[in-house]
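**Q** Input: one structure, supplied below.
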Amino acid sequence: MAVQRIVIENCAIATVDAGDTEYASGHIVVADNRIESVGAGKAPENLENVVRRIDGTGHLATPGLVNTHHHFYQWITRGLATDHNLFNWLVALYPTWARIDEQMAYSAAQGSLAMMARGGVTTAMDHHYVFPKGSGDLSGAIIRAARETGVRFTLARGSMDRSEKDGGLPPDFAVETLDGALAATEATVDEHHDASFDALTQVAVAPCSPFSVSTELMKQGAELARRKGVRLHTHGSETVEEEQFCKELFGMGPTDYFESTGWLGEDVWMAHCVHMNDSDIAAFARTKTGVAHCPSSNARLAAGIARVPDMLAAGVPVGLGVDGTASNESGELHTELRNALLINRLGAHREAALNARQALRLGTFGGAQVLGRASQIGSLEAGKLADLVLWNLDTLAHASIADPVTALVFGAAAPVSLSLVNGKPVVEDSRLLNVDEDAIARSTRAEAQRLARIAAQA
């Protein structure tokens with residue numbers, strides 16, 4: 001079958017390549033699911049099999065956004081425990097989360113994915129770690145929702161085996177056994193992980209956190225991931241209370257604990273990493289352990305400001321994360337570009353903390369690095385997969401900002417005129433093409449109400 005091409009012209013382009021190459025007016029040629037060429041001016045003439053030409057006047061083209069940390073199921077518990085810190089928030093919500101079932105997980109995943117995709121996310125991930133007994137095939141339901149939405153997706157198959165009776169926070173019936181968690185995780189990898197260059201679905205091994213997981217599950221989880229050749233993900237150094245918990249329980253801080261269990265390395269990424277000292281950052285840099293920075297969630301839960309400028313300066317791979325929508329109710333990653341920049345400027349580096357292009361890199365190439373896919377996505381370069389976004393900056397909200405990257409990051413959330421994943425349109429004119437947003441809104445509202453009723457009766 002002949003190669004089919006899509007040609008985009010007359011748009012500003014931020015490639016986010018190694019040299020941060022940009023074009024004030026340029027073109028992108030997509031051939032099937034790959035980027036064939038990117039450059040200044042018009043596309044080459046006499047291209048064959050052009051099935052679509054797009055005039056990008058007034059638009060900025062960027063790589064698709066890459067989300068590196070999320071909890072989809074929380075979509076149906078938004079707006080609760082709004083004035084709590086992390087531990088109190090978890091205690092308040094675990095009894096409700098422990099009642100989720102397959103239909104709830106599917107509906108919540110639809111809502112989470114739809115909100116991200118319509119805002120420029122082309123690669124999503126979900127860290128799902130709540131598997132109540134008898135709840136059905138939650139991993140399968142989440143992956144099905146991602147396939148239907150049309151985005152590239154990493155499922156971080158989570159687990160918990162430290163419940164209330166063991167000094168943890170989750171209810172006893174909401175956790176798995178050590179052997180059960182490992183077996184279910186391995187089965188998920190075997191069934192769903194695709195290691196190919198253009199994979200749409202991948203799986204990572206992801207015990208939840210030091211305070212909800214046994215040391216043995218951490219160690220054996222790392223061994224399982226490396227035996228299977230997949231990545232490792234967990235929460236790390238999110239709050240002061242977590243650091244105290246680790247010191248009391250393990251006699252060391254979170255980073256030293258992670259290193260003792262095999263959880264530092266270039267195949268690992270951690271969510272949050274707010275409370276990191278110089279030696280922690282040096283350890284992450286030395287081992288190339290990645291970080292998913294979640295600025296809105298960290299602010300919502302009063303966790304603190306992660307030292308992102310210091311991490312970047314040390315060479316730590318850093319991407320952006322929405323985090324669960326029970327701690328970031330908007331559920332949008334493109335707003336995290338702005339929030340990452342603004343919140344980090346409240347820290348020690350002030351106005352020098354991050355600039356607009358660094359923020360865009362966090363949300364694109366940085367995320368691809370963290371997910372282990374930097375050779376495939378995260379920048380607009382010939383040979384890479386055709387995951388890209390065309391942002392409409394020809395609006396009242398952006399009209400007087402001359403620099404398009406500044407307009408995208410500093411300005412109001414820009415509408416998405418076109419989003420391609422694997423060379424296929426997923427969003428056009430700010431509407432999802434593969435799923436019905438209105439139907440999803442109705443479904444998620446109904447499932448949230450059903451969950452609330454079940455939790456109230458428990």
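In the structure tokens, chains take letters A, B, ... by order of appearance, with residues numbered from 1 within each chain and ligands from 1 in the order shown.
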Applying 8 Å and only C-alpha atoms, which residues near A:Thr188 remain after dropping the ones on its own chain fewer than 5 positions away? List them as a list in words.
**A**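 Everything that qualifies: Ser139, Arg157, His193 and Val203 of chain A.
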**Q** Can you write out the residues you just picked, keeping all heavy atoms, as a short mmCIF file (atom, residue, chain, number, x, y, z; two decimals), in the first residue's frame?
**A**
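The new file part_5.cif reads:
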data_model
loop_
_atom_site.label_atom_id
_atom_site.label_comp_id
_atom_site.auth_asym_id
_atom_site.auth_seq_id
_atom_site.Cartn_x
_atom_site.Cartn_y
_atom_site.Cartn_z
N SER A 139 -7.41 -3.53 34.98
CA SER A 139 -6.35 -3.17 34.03
C SER A 139 -6.88 -3.25 32.60
O SER A 139 -6.63 -2.35 31.78
CB SER A 139 -5.15 -4.10 34.18
OG SER A 139 -4.53 -3.91 35.44
N ARG A 157 1.11 -0.77 36.30
CA ARG A 157 0.29 -1.70 37.08
C ARG A 157 0.76 -1.66 38.54
O ARG A 157 1.77 -2.21 38.92
CB ARG A 157 0.40 -3.11 36.50
CG ARG A 157 -0.78 -4.05 36.83
CD ARG A 157 -0.87 -4.44 38.28
NE ARG A 157 -1.99 -5.34 38.54
CZ ARG A 157 -2.32 -5.80 39.75
NH1 ARG A 157 -1.60 -5.46 40.82
NH2 ARG A 157 -3.35 -6.61 39.91
N HIS A 193 1.79 -5.71 27.32
CA HIS A 193 2.95 -4.89 27.00
C HIS A 193 3.43 -5.13 25.57
O HIS A 193 3.60 -6.26 25.12
CB HIS A 193 4.11 -5.18 27.95
CG HIS A 193 5.33 -4.35 27.68
ND1 HIS A 193 5.37 -3.00 27.91
CD2 HIS A 193 6.55 -4.68 27.16
CE1 HIS A 193 6.56 -2.52 27.57
NE2 HIS A 193 7.29 -3.52 27.11
N VAL A 203 3.39 -1.45 29.50
CA VAL A 203 3.09 -1.70 30.91
C VAL A 203 4.35 -1.52 31.74
O VAL A 203 5.44 -1.92 31.31
CB VAL A 203 2.53 -3.13 31.11
CG1 VAL A 203 2.26 -3.41 32.59
CG2 VAL A 203 1.24 -3.33 30.31
#
**Q** Where does DSSP see alpha helix (DSSP H) in stretch 272-431 of chain A, if you list the residues as a PyMOL selection string?
**A** chain A and resi 278-287+295-300+308-314+334-344+356-361+367-370+404-410
**Q** Which is closest to A:Ala108 among A:Leu217, A:Leu337, A:Ile76, A:Leu396, if we use only C-alpha atoms?
**A**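 Result for the nearest residue to A:Ala108: A:Ile76.
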**Q** When you look at A:Thr57 with a cut-off of 10 Å (counting only C-alpha atoms), what residues show up, excluding the ones that are within fewer than 4 positions of it in the same chain? I need them as an NGL selection string.
**A** :A and (8-12 or 25-26 or 392-394)
**Q** Restricting the output to C-alpha atoms, write the selected residues as a compact mmCIF listing (two decimals), in the first residue's frame.
**A**
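File out.txt, as written:
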# COMPACT_ATOMS: atom_id res chain seq x y z
CA ILE A 8 0.96 20.99 7.58
CA GLU A 9 2.23 24.41 6.45
CA ASN A 10 2.42 28.09 7.47
CA CYS A 11 2.62 27.43 11.21
CA ALA A 12 5.18 28.33 13.84
CA SER A 25 6.77 29.73 9.60
CA GLY A 26 7.42 26.18 8.58
CA ASN A 392 -4.58 27.76 17.89
CA LEU A 393 -2.95 31.03 19.00
CA ASP A 394 -5.10 33.18 16.70
**Q** Report as a ChimeraX atom specification all protein, DNA and RNA residues lying within 6 Å of A:His235, evaluated on only C-alpha atoms, omitting residues in the same chain fewer than 3 positions from it.
**A** /A:209,270-271
**Q** Going by DSSP on the backbone, which bits of stretch 198-441 of chain A are strand (DSSP E)? Write them as number ranges by chain, please.
**A** A: 201-207, 232-236, 268-272, 290-293, 318-320, 388-392, 416-421, 424-428, 431-432
**Q** Quick one: residues within 8 Å of stretch 415-430 of chain A, only C-alpha atoms, excluding same-chain residues fewer than 6 positions away - as a VMD selection string?
**A** chain A and resid 30 to 34 64 117 to 120 122 149 to 152 198 385 to 393
**Q** For A:His272, which residue out of A:Arg5, A:Lys247, A:His192, A:His69 is the nearest one, using only C-alpha atoms?
**A**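 Using only C-alpha atoms, A:His272 sits closest to A:His69.
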**Q** State, in Å with one decimal place, the distance from atom CA of A:Glu191 to atom CA of A:Gln110.
**A**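 Interatomic distance here is 21.0 Å.
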**Q** Residues at most 12 Å from A:Asp83, counting only C-alpha atoms, excluding those fewer than 3 positions away in the same chain, as a ChimeraX atom specification?
**A** /A:79-80,86-89,92,299-302,326-327
**Q** Report as number ranges by chain all protein, DNA and RNA residues lying within 9 Å of A:His233, evaluated on only C-alpha atoms, omitting residues in the same chain fewer than 3 positions from it.
**A** A: 127, 156-158, 204-208, 263, 267-271
**Q** Looking at only C-alpha atoms, which of A:Gly41, A:Gly229, A:Gly58, A:Pro170 is the one that sits closest to A:Asp403?
**A**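 So, comparing all the options, the nearest one is A:Gly58.
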**Q** Given the choices A:Leu232, A:Ile13, A:Val121, A:Met116, which gets closest to A:Thr364 if the distance is worked out from only C-alpha atoms?
**A** A:Val121
